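This is coords04.csv. It holds CSV, C-alpha atoms and all ligand atoms.
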chain,number,residue,atom,x,y,z
G,275,MET,CA,0.0,0.0,0.0
G,276,ASN,CA,1.4,3.4,-0.9
G,277,THR,CA,1.5,6.3,1.5
G,278,ALA,CA,-1.6,8.0,-0.1
G,279,ASN,CA,-3.6,4.8,0.2
G,280,ALA,CA,-2.4,4.1,3.7
G,281,GLN,CA,-3.5,7.6,4.6
G,282,ALA,CA,-6.9,7.2,3.0
G,283,GLY,CA,-7.3,3.9,4.7
G,284,ALA,CA,-6.4,5.4,8.0
G,285,LYS,CA,-8.8,8.3,7.4
G,286,ALA,CA,-11.7,5.9,6.5
G,287,ALA,CA,-11.0,3.9,9.7
G,288,ALA,CA,-10.4,7.1,11.7
G,289,ARG,CA,-12.2,7.7,15.0
G,290,PRO,CA,-13.6,4.4,15.8
G,291,ILE,CA,-16.3,4.9,18.4
G,292,ASP,CA,-15.5,3.7,21.8
G,293,TRP,CA,-18.9,3.1,23.4
G,294,SER,CA,-17.4,2.8,26.9
G,295,GLU,CA,-16.3,6.5,26.6
G,296,ARG,CA,-17.3,8.6,29.6
G,297,ALA,CA,-18.1,12.4,29.5
G,298,SER,CA,-15.6,14.8,30.9
G,299,PHE,CA,-18.4,16.8,32.6
G,300,THR,CA,-21.0,16.1,35.2
G,301,CYS,CA,-24.8,15.6,34.7
G,302,ARG,CA,-26.5,19.0,34.4
G,303,LEU,CA,-29.6,17.6,36.2
G,304,CYS,CA,-28.1,15.7,39.2
G,305,ASP,CA,-24.3,16.4,39.1
G,306,CYS,CA,-23.5,12.7,38.8
G,307,PRO,CA,-20.0,12.3,37.3
G,308,ASP,CA,-20.8,8.9,35.6
G,309,LEU,CA,-22.1,9.8,32.1
G,310,ARG,CA,-21.8,7.2,29.3
G,311,LEU,CA,-21.7,7.7,25.6
G,312,TYR,CA,-25.3,7.0,24.4
G,313,TYR,CA,-25.3,8.1,20.8
G,314,THR,CA,-23.6,10.5,18.4
G,315,LEU,CA,-24.7,12.8,15.6
G,316,GLY,CA,-22.7,14.0,12.7
G,317,ASN,CA,-20.9,12.1,10.0
G,318,ASP,CA,-17.7,12.0,12.1
G,319,HIS,CA,-19.5,11.3,15.4
G,320,GLN,CA,-18.4,14.7,16.4
G,321,PHE,CA,-21.6,15.6,18.4
G,322,ARG,CA,-21.8,13.4,21.5
G,323,TYR,CA,-24.7,12.6,23.8
G,324,TYR,CA,-24.0,11.0,27.2
G,325,ARG,CA,-26.6,9.3,29.4
G,326,CYS,CA,-26.4,9.8,33.2
G,327,THR,CA,-26.3,6.5,35.0
G,328,SER,CA,-28.0,8.1,38.0
G,329,CYS,CA,-31.0,10.1,36.7
G,330,GLY,CA,-31.1,9.0,33.0
G,331,LEU,CA,-30.8,12.5,31.5
G,332,VAL,CA,-29.0,12.5,28.2
G,333,ASN,CA,-26.6,15.4,28.3
G,334,TYR,CA,-25.2,16.8,25.0
G,335,ASP,CA,-21.5,17.7,25.2
G,336,LEU,CA,-22.0,21.5,24.8
G,337,ALA,CA,-18.4,21.8,23.7
G,338,GLY,CA,-19.6,20.6,20.2
G,339,GLY,CA,-21.6,23.8,19.8
G,340,THR,CA,-25.3,24.4,19.2
G,341,GLU,CA,-27.4,26.3,16.7
G,342,GLN,CA,-30.8,27.5,17.9
G,343,GLY,CA,-31.7,29.8,15.1
G,344,GLN,CA,-32.7,26.9,12.7
G,345,TYR,CA,-36.2,26.5,14.2
G,346,THR,CA,-37.7,29.7,13.0
G,347,THR,CA,-40.7,28.2,11.3
G,348,ILE,CA,-42.9,29.1,8.3
G,349,VAL,CA,-45.6,31.4,9.5
G,350,VAL,CA,-49.0,29.8,9.5
G,351,ASP,CA,-52.1,31.8,10.4
G,352,PRO,CA,-53.0,30.6,13.9
G,353,ARG,CA,-56.7,31.1,13.2
G,354,ASP,CA,-56.6,28.5,10.4
G,355,ASP,CA,-58.3,25.3,11.7
G,356,THR,CA,-57.5,23.4,8.5
G,357,ASN,CA,-53.7,23.8,8.5
G,358,SER,CA,-52.1,20.7,9.8
G,359,ARG,CA,-49.3,22.7,11.3
G,360,ASN,CA,-51.8,24.0,13.9
G,361,HIS,CA,-53.0,20.5,14.9
G,362,ASP,CA,-50.2,19.8,17.4
G,363,ASN,CA,-51.3,22.9,19.3
G,364,ASP,CA,-54.9,21.8,19.2
G,365,GLN,CA,-53.9,18.4,20.7
G,366,ALA,CA,-51.9,20.1,23.4
G,367,PHE,CA,-54.9,22.3,24.3
G,368,LEU,CA,-57.3,19.4,24.4
G,369,PHE,CA,-55.0,17.6,26.7
G,370,LEU,CA,-54.8,20.6,29.0
G,371,GLN,CA,-58.6,21.2,28.9
G,372,LYS,CA,-59.2,17.5,29.8
G,373,HIS,CA,-57.2,17.8,33.0
G,374,VAL,CA,-57.6,21.5,33.8
G,375,PRO,CA,-61.2,22.3,32.7
G,376,VAL,CA,-61.6,25.7,34.5
G,377,PRO,CA,-60.0,28.5,32.5
G,378,GLY,CA,-57.4,30.8,34.2
G,379,ARG,CA,-54.3,32.7,33.2
G,380,LEU,CA,-52.0,30.9,30.8
G,381,ILE,CA,-48.6,31.9,29.5
G,382,ASP,CA,-47.0,30.0,26.6
G,383,ILE,CA,-43.2,30.2,26.5
G,384,GLY,CA,-42.0,29.9,22.9
G,385,CYS,CA,-45.5,30.5,21.5
G,386,GLY,CA,-44.5,30.6,17.8
G,387,ASN,CA,-47.5,31.6,15.7
G,388,GLY,CA,-49.7,31.8,18.8
G,389,ARG,CA,-52.1,28.9,17.9
G,390,LEU,CA,-52.3,27.6,21.4
G,391,LEU,CA,-53.1,31.1,22.7
G,392,TRP,CA,-55.7,31.5,20.0
G,393,VAL,CA,-57.6,28.3,20.9
G,394,ALA,CA,-57.2,28.9,24.7
G,395,LYS,CA,-58.5,32.5,24.4
G,396,LYS,CA,-61.6,31.3,22.5
G,397,ALA,CA,-62.2,28.9,25.4
G,398,GLY,CA,-62.1,31.7,27.9
G,399,TRP,CA,-58.5,31.7,29.1
G,400,GLN,CA,-56.5,34.9,29.7
G,401,VAL,CA,-53.5,34.4,27.6
G,402,LYS,CA,-50.0,35.8,27.2
G,403,GLY,CA,-47.0,34.6,25.1
G,404,LEU,CA,-43.3,34.8,25.1
G,405,GLU,CA,-41.4,34.3,21.8
G,406,LEU,CA,-37.7,34.7,21.0
G,407,GLY,CA,-38.3,35.9,17.5
G,408,ALA,CA,-39.4,39.6,17.4
G,409,ASP,CA,-41.1,39.3,14.0
G,410,MET,CA,-43.0,36.2,15.0
G,411,ALA,CA,-44.1,37.8,18.3
G,412,ARG,CA,-45.4,40.9,16.5
G,413,TYR,CA,-47.3,38.9,14.0
G,414,ALA,CA,-48.8,36.5,16.5
G,415,ALA,CA,-49.8,39.3,18.9
G,416,GLY,CA,-51.6,41.1,16.1
G,417,VAL,CA,-53.5,38.1,14.8
G,418,VAL,CA,-54.4,36.5,18.2
G,419,GLY,CA,-55.1,39.8,19.9
G,420,CYS,CA,-53.1,39.3,23.1
G,421,GLU,CA,-49.8,40.4,24.6
G,422,ILE,CA,-46.8,38.5,23.2
G,423,VAL,CA,-43.5,39.7,24.5
G,424,ALA,CA,-40.3,39.1,22.4
G,425,ASN,CA,-37.8,38.0,25.0
G,426,ASP,CA,-35.6,35.2,26.3
G,427,PHE,CA,-37.3,33.9,29.4
G,428,LEU,CA,-34.0,32.6,30.7
G,429,ALA,CA,-32.2,35.9,30.5
G,430,ASP,CA,-35.0,38.4,31.2
G,431,GLU,CA,-36.8,38.9,34.5
G,432,PRO,CA,-40.6,38.9,34.4
G,433,PRO,CA,-42.4,42.1,35.3
G,434,PRO,CA,-43.7,42.2,38.9
G,435,GLU,CA,-47.3,41.5,37.9
G,436,ASP,CA,-46.3,38.3,36.3
G,437,ARG,CA,-44.4,36.8,39.2
G,438,GLU,CA,-46.0,33.5,40.2
G,439,ALA,CA,-49.1,34.9,38.6
G,440,PHE,CA,-50.1,32.2,36.1
G,441,ASP,CA,-52.3,29.2,36.6
G,442,VAL,CA,-50.7,27.4,33.7
G,443,VAL,CA,-47.3,27.7,32.1
G,444,SER,CA,-46.8,25.9,28.8
G,445,LEU,CA,-43.4,25.0,27.3
G,446,ARG,CA,-43.7,22.9,24.2
G,447,HIS,CA,-40.5,21.6,22.5
G,448,VAL,CA,-38.5,24.2,24.2
G,449,LEU,CA,-37.1,22.4,27.3
G,450,GLU,CA,-34.8,20.1,25.3
G,451,HIS,CA,-33.1,23.2,23.8
G,452,LEU,CA,-32.2,24.6,27.2
G,453,PRO,CA,-28.7,23.5,28.4
G,454,TYR,CA,-29.4,23.9,32.2
G,455,PRO,CA,-32.7,22.2,33.1
G,456,ARG,CA,-32.6,23.3,36.8
G,457,LEU,CA,-32.2,26.9,35.8
G,458,ALA,CA,-35.1,26.5,33.4
G,459,MET,CA,-37.3,25.2,36.2
G,460,GLU,CA,-36.4,28.1,38.5
G,461,LYS,CA,-37.4,30.5,35.7
G,462,ILE,CA,-40.7,28.6,35.2
G,463,SER,CA,-41.4,28.8,39.0
G,464,GLY,CA,-40.9,32.5,38.8
G,465,LEU,CA,-44.1,32.6,36.6
G,466,LEU,CA,-46.3,29.8,37.9
G,467,ARG,CA,-48.3,30.1,41.1
G,468,PRO,CA,-47.8,27.4,43.7
G,469,GLY,CA,-50.4,24.7,42.9
G,470,GLY,CA,-50.5,25.7,39.2
G,471,TYR,CA,-49.9,23.5,36.3
G,472,LEU,CA,-47.1,23.1,33.8
G,473,LEU,CA,-47.9,21.8,30.3
G,474,ILE,CA,-44.8,20.3,28.7
G,475,GLU,CA,-44.0,18.7,25.4
G,476,ILE,CA,-40.6,17.2,24.6
G,477,PRO,CA,-39.1,14.5,22.5
G,478,ASN,CA,-39.2,11.1,24.2
G,479,ILE,CA,-35.7,9.7,23.9
G,480,GLU,CA,-37.0,6.2,24.7
G,481,GLY,CA,-39.7,6.2,22.0
G,482,TRP,CA,-39.5,2.9,20.0
G,483,SER,CA,-38.3,4.4,16.7
G,484,LYS,CA,-35.5,6.3,18.5
G,485,ARG,CA,-34.4,3.1,20.3
G,486,TRP,CA,-34.4,1.3,16.9
G,487,VAL,CA,-32.2,3.9,15.2
G,488,ARG,CA,-29.8,3.8,18.1
G,489,PHE,CA,-29.7,0.0,17.9
G,490,ILE,CA,-29.0,-0.2,14.2
G,491,THR,CA,-26.5,2.6,14.3
G,492,ARG,CA,-24.6,1.2,17.2
G,493,THR,CA,-24.5,-2.3,15.9
G,494,GLY,CA,-23.2,-1.1,12.5
G,495,LEU,CA,-26.3,-2.3,10.6
G,496,HIS,CA,-26.9,1.2,9.4
G,497,LYS,CA,-24.7,4.2,8.8
G,498,ARG,CA,-26.6,7.4,9.3
G,499,ARG,CA,-25.9,10.2,6.9
G,500,PHE,CA,-26.1,13.8,8.3
G,501,PRO,CA,-26.1,17.1,6.5
G,502,PRO,CA,-22.5,18.3,6.4
G,503,ASP,CA,-23.5,21.6,8.1
G,504,LEU,CA,-25.5,19.9,10.9
G,505,MET,CA,-25.4,21.6,14.3
G,506,PRO,CA,-27.4,20.2,17.1
G,507,GLY,CA,-30.2,22.1,18.8
G,508,HIS,CA,-31.1,19.7,21.6
G,509,CYS,CA,-28.9,20.2,24.7
G,510,CYS,CA,-30.8,17.6,26.9
G,511,GLU,CA,-32.9,14.6,25.9
G,512,TYR,CA,-35.5,13.3,28.3
G,513,SER,CA,-37.2,10.0,29.1
G,514,ARG,CA,-40.1,9.7,31.5
G,515,GLU,CA,-37.5,8.7,34.1
G,516,SER,CA,-35.2,11.7,33.8
G,517,PHE,CA,-38.2,14.1,33.2
G,518,THR,CA,-39.7,12.9,36.5
G,519,ALA,CA,-36.4,13.3,38.3
G,520,LEU,CA,-36.2,16.9,37.1
G,521,MET,CA,-39.7,17.7,38.1
G,522,GLU,CA,-39.4,16.1,41.6
G,523,ARG,CA,-36.1,17.9,42.2
G,524,SER,CA,-37.8,21.2,41.3
G,525,GLY,CA,-40.8,20.8,43.6
G,526,TYR,CA,-43.3,19.5,41.0
G,527,ARG,CA,-45.1,16.2,40.6
G,528,VAL,CA,-46.0,14.6,37.3
G,529,LEU,CA,-49.8,14.0,37.1
G,530,HIS,CA,-50.1,12.8,33.5
G,531,TRP,CA,-47.6,11.5,30.8
G,532,GLU,CA,-48.5,10.4,27.3
G,533,THR,CA,-46.7,10.0,24.1
G,534,TYR,CA,-47.7,11.0,20.5
G,535,THR,CA,-46.4,11.6,17.0
G,536,LYS,CA,-47.1,14.2,14.5
G,537,LYS,CA,-49.3,11.8,12.6
G,538,LYS,CA,-52.8,11.8,13.9
G,539,ILE,CA,-53.3,8.1,13.1
G,540,GLY,CA,-52.2,5.8,16.0
G,541,ASN,CA,-52.1,8.6,18.6
G,542,GLY,CA,-54.9,7.0,20.6
G,543,LEU,CA,-52.7,3.9,21.1
G,544,LEU,CA,-49.5,6.0,21.7
G,545,ASN,CA,-51.4,8.0,24.4
G,546,ARG,CA,-52.0,4.7,26.2
G,547,PHE,CA,-48.8,2.8,25.4
G,548,PRO,CA,-46.0,5.4,25.9
G,549,VAL,CA,-43.6,4.3,23.1
G,550,GLY,CA,-44.1,7.4,20.8
G,551,THR,CA,-41.3,9.7,19.9
G,552,LYS,CA,-42.8,12.8,21.5
G,553,ALA,CA,-44.2,13.1,25.0
G,554,ARG,CA,-46.7,15.4,26.6
G,555,ALA,CA,-47.0,15.9,30.3
G,556,LEU,CA,-49.1,17.8,32.9
G,557,VAL,CA,-47.2,18.6,36.0
G,558,GLN,CA,-48.3,20.4,39.1
G,559,ARG,CA,-46.1,22.8,41.1
G,560,LEU,CA,-46.5,21.6,44.7
G,561,PRO,CA,-48.4,24.1,46.8
G,562,ALA,CA,-46.3,26.3,49.0
G,601,ZN,ZN,-28.1,12.8,36.2
Before we go any further, please render this structure as structure tokens.
Amino acid sequence: MNTANAQAGAKAAARPIDWSERASFTCRLCDCPDLRLYYTLGNDHQFRYYRCTSCGLVNYDLAGGTEQGQYTTIVVDPRDDTNSRNHDNDQAFLFLQKHVPVPGRLIDIGCGNGRLLWVAKKAGWQVKGLELGADMARYAAGVVGCEIVANDFLADEPPPEDREAFDVVSLRHVLEHLPYPRLAMEKISGLLRPGGYLLIEIPNIEGWSKRWVRFITRTGLHKRRFPPDLMPGHCCEYSRESFTALMERSGYRVLHWETYTKKKIGNGLLNRFPVGTKARALVQRLPA
């Protein structure tokens, strides 16, 4: 083999994955130092996710970098009942209404186009939104007809009238993007009254299709191809176990947990058998 071929061969075989690898940092939920490589993203396995052996949280190695600007979505009119992009919000509201039937004050963190606020307002809730994107916030506020503040709820302090003032805080597909879950929960508690409810949607890392992909990738049955410019957005990945650990540590208790997918079909089953790739939970802040 000539030098060039030897180098090419070495490159092709470069960076074999050592699945016994441990993280060089501690768990961001429970501070446990024993975090084991769980899966990777990127064509060169350069983005690494480690599972905590104590609480089960999957911690992304933040040293790999993140990109959170990629989630700015196409704007869909929140009043459009026929647009399928609004249906996830409708499912979330039905779930809330089933368990919290009496309307109160609701704040949706990361409210996007404001669809949840729109349906909640029609049902008699007093609603407010927070949204990172200033353009989206302005659009949604105008269409829904409620206050939507463009801010970063982790960085900005709520106004005094909002402190522990809401009956429901909703946070849908936001928690997994936040690197420090305990800080996120402190911020939520700054808005939610004791005894109030938290509506959460997150990916379910133990959903069956996610397990399957991890299995075939890890055993070499399948080589995943990633876009060359991929940057992860998820900083923490949750299962029912690690989510419950975070809630209990933060002074909350999980009342309901169900899974679902974007497809409507089969959701009745996934709600009962929690193997779906997305999870929805209702959690109560313990009364003071
Ligand atoms: Zn942990």
Neighbours of ligand ZN 601 (chain G) within 10 Å, counting only C-alpha atoms and all ligand atoms, as a PyMOL selection string?
chain G and resi 300-309+325-333+516+519-520
Compile a residue-level contact table for segment 285-404 of chain G against segment 490-506 of chain G at a cut-off of 6 Å, reporting for every qualifying residue the shortest atom pair and its distance in Å to one decimal, with all atoms listed in the file counted, rows ordered by chain and ascending number, as CSV.
residue,atom,partner,partner_atom,distance
G:Gly316,CA,G:Phe500,CA,5.6
G:Asn317,CA,G:Phe500,CA,5.7
G:Thr340,CA,G:Pro506,CA,5.1
G:Glu341,CA,G:Met505,CA,5.6
At a cut-off of 8 Å, using only C-alpha atoms, what residues contact Tyr324 of chain G? Leave out same-chain residues fewer than 6 positions from it and give the result as a PDB file with C-alpha atoms, in the frame of the given file.
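File result-v5.pdb, as written:
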ATOM      1  CA  ARG G 296     -17.300   8.600  29.600  1.00  0.00           C
ATOM      2  CA  ALA G 297     -18.100  12.400  29.500  1.00  0.00           C
ATOM      3  CA  LEU G 309     -22.100   9.800  32.100  1.00  0.00           C
ATOM      4  CA  ARG G 310     -21.800   7.200  29.300  1.00  0.00           C
ATOM      5  CA  LEU G 311     -21.700   7.700  25.600  1.00  0.00           C
ATOM      6  CA  TYR G 312     -25.300   7.000  24.400  1.00  0.00           C
ATOM      7  CA  TYR G 313     -25.300   8.100  20.800  1.00  0.00           C
ATOM      8  CA  VAL G 332     -29.000  12.500  28.200  1.00  0.00           C
ATOM      9  CA  ASN G 333     -26.600  15.400  28.300  1.00  0.00           C
ATOM     10  CA  TYR G 334     -25.200  16.800  25.000  1.00  0.00           C
ATOM     11  CA  ASP G 335     -21.500  17.700  25.200  1.00  0.00           C
TER      12      ASP G 335
END
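All residues of protein, DNA or RNA that reach within 9 Å of Glu450 of chain G, judged by only C-alpha atoms and not counting those fewer than 5 positions away in the chain, are Pro455, Ile476, Pro477, Gly507, His508, Cys509, Cys510, Glu511 and Tyr512 of chain G.
Going from atom CA of Met521 of chain G to atom CA of Ala429 of chain G covers 21.1 Å.
Closest approach to Lys552 of chain G from the set G:Asp362, G:Asp351, G:Glu405, G:Glu431 is made by G:Asp362, with distances taken over only C-alpha atoms.
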Kindly indicate which residue among G:Ser294, G:Gln371, G:Gln320, G:Asn363 lies nearest to Trp392 of chain G, using all atoms listed in the file for the distances.
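Among G:Ser294, G:Gln371, G:Gln320, G:Asn363, it is G:Asn363 that comes nearest to Trp392 of chain G.
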Distance atom CA of Leu380 of chain G-atom CA of Ala394 of chain G, one decimal place?
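Separation of atom CA of Leu380 of chain G and atom CA of Ala394 of chain G: 8.3 Å.
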Using atom CA of Asp318 of chain G and atom CA of Ala553 of chain G as the two end points, give the distance in Å to one decimal.
29.5 Å
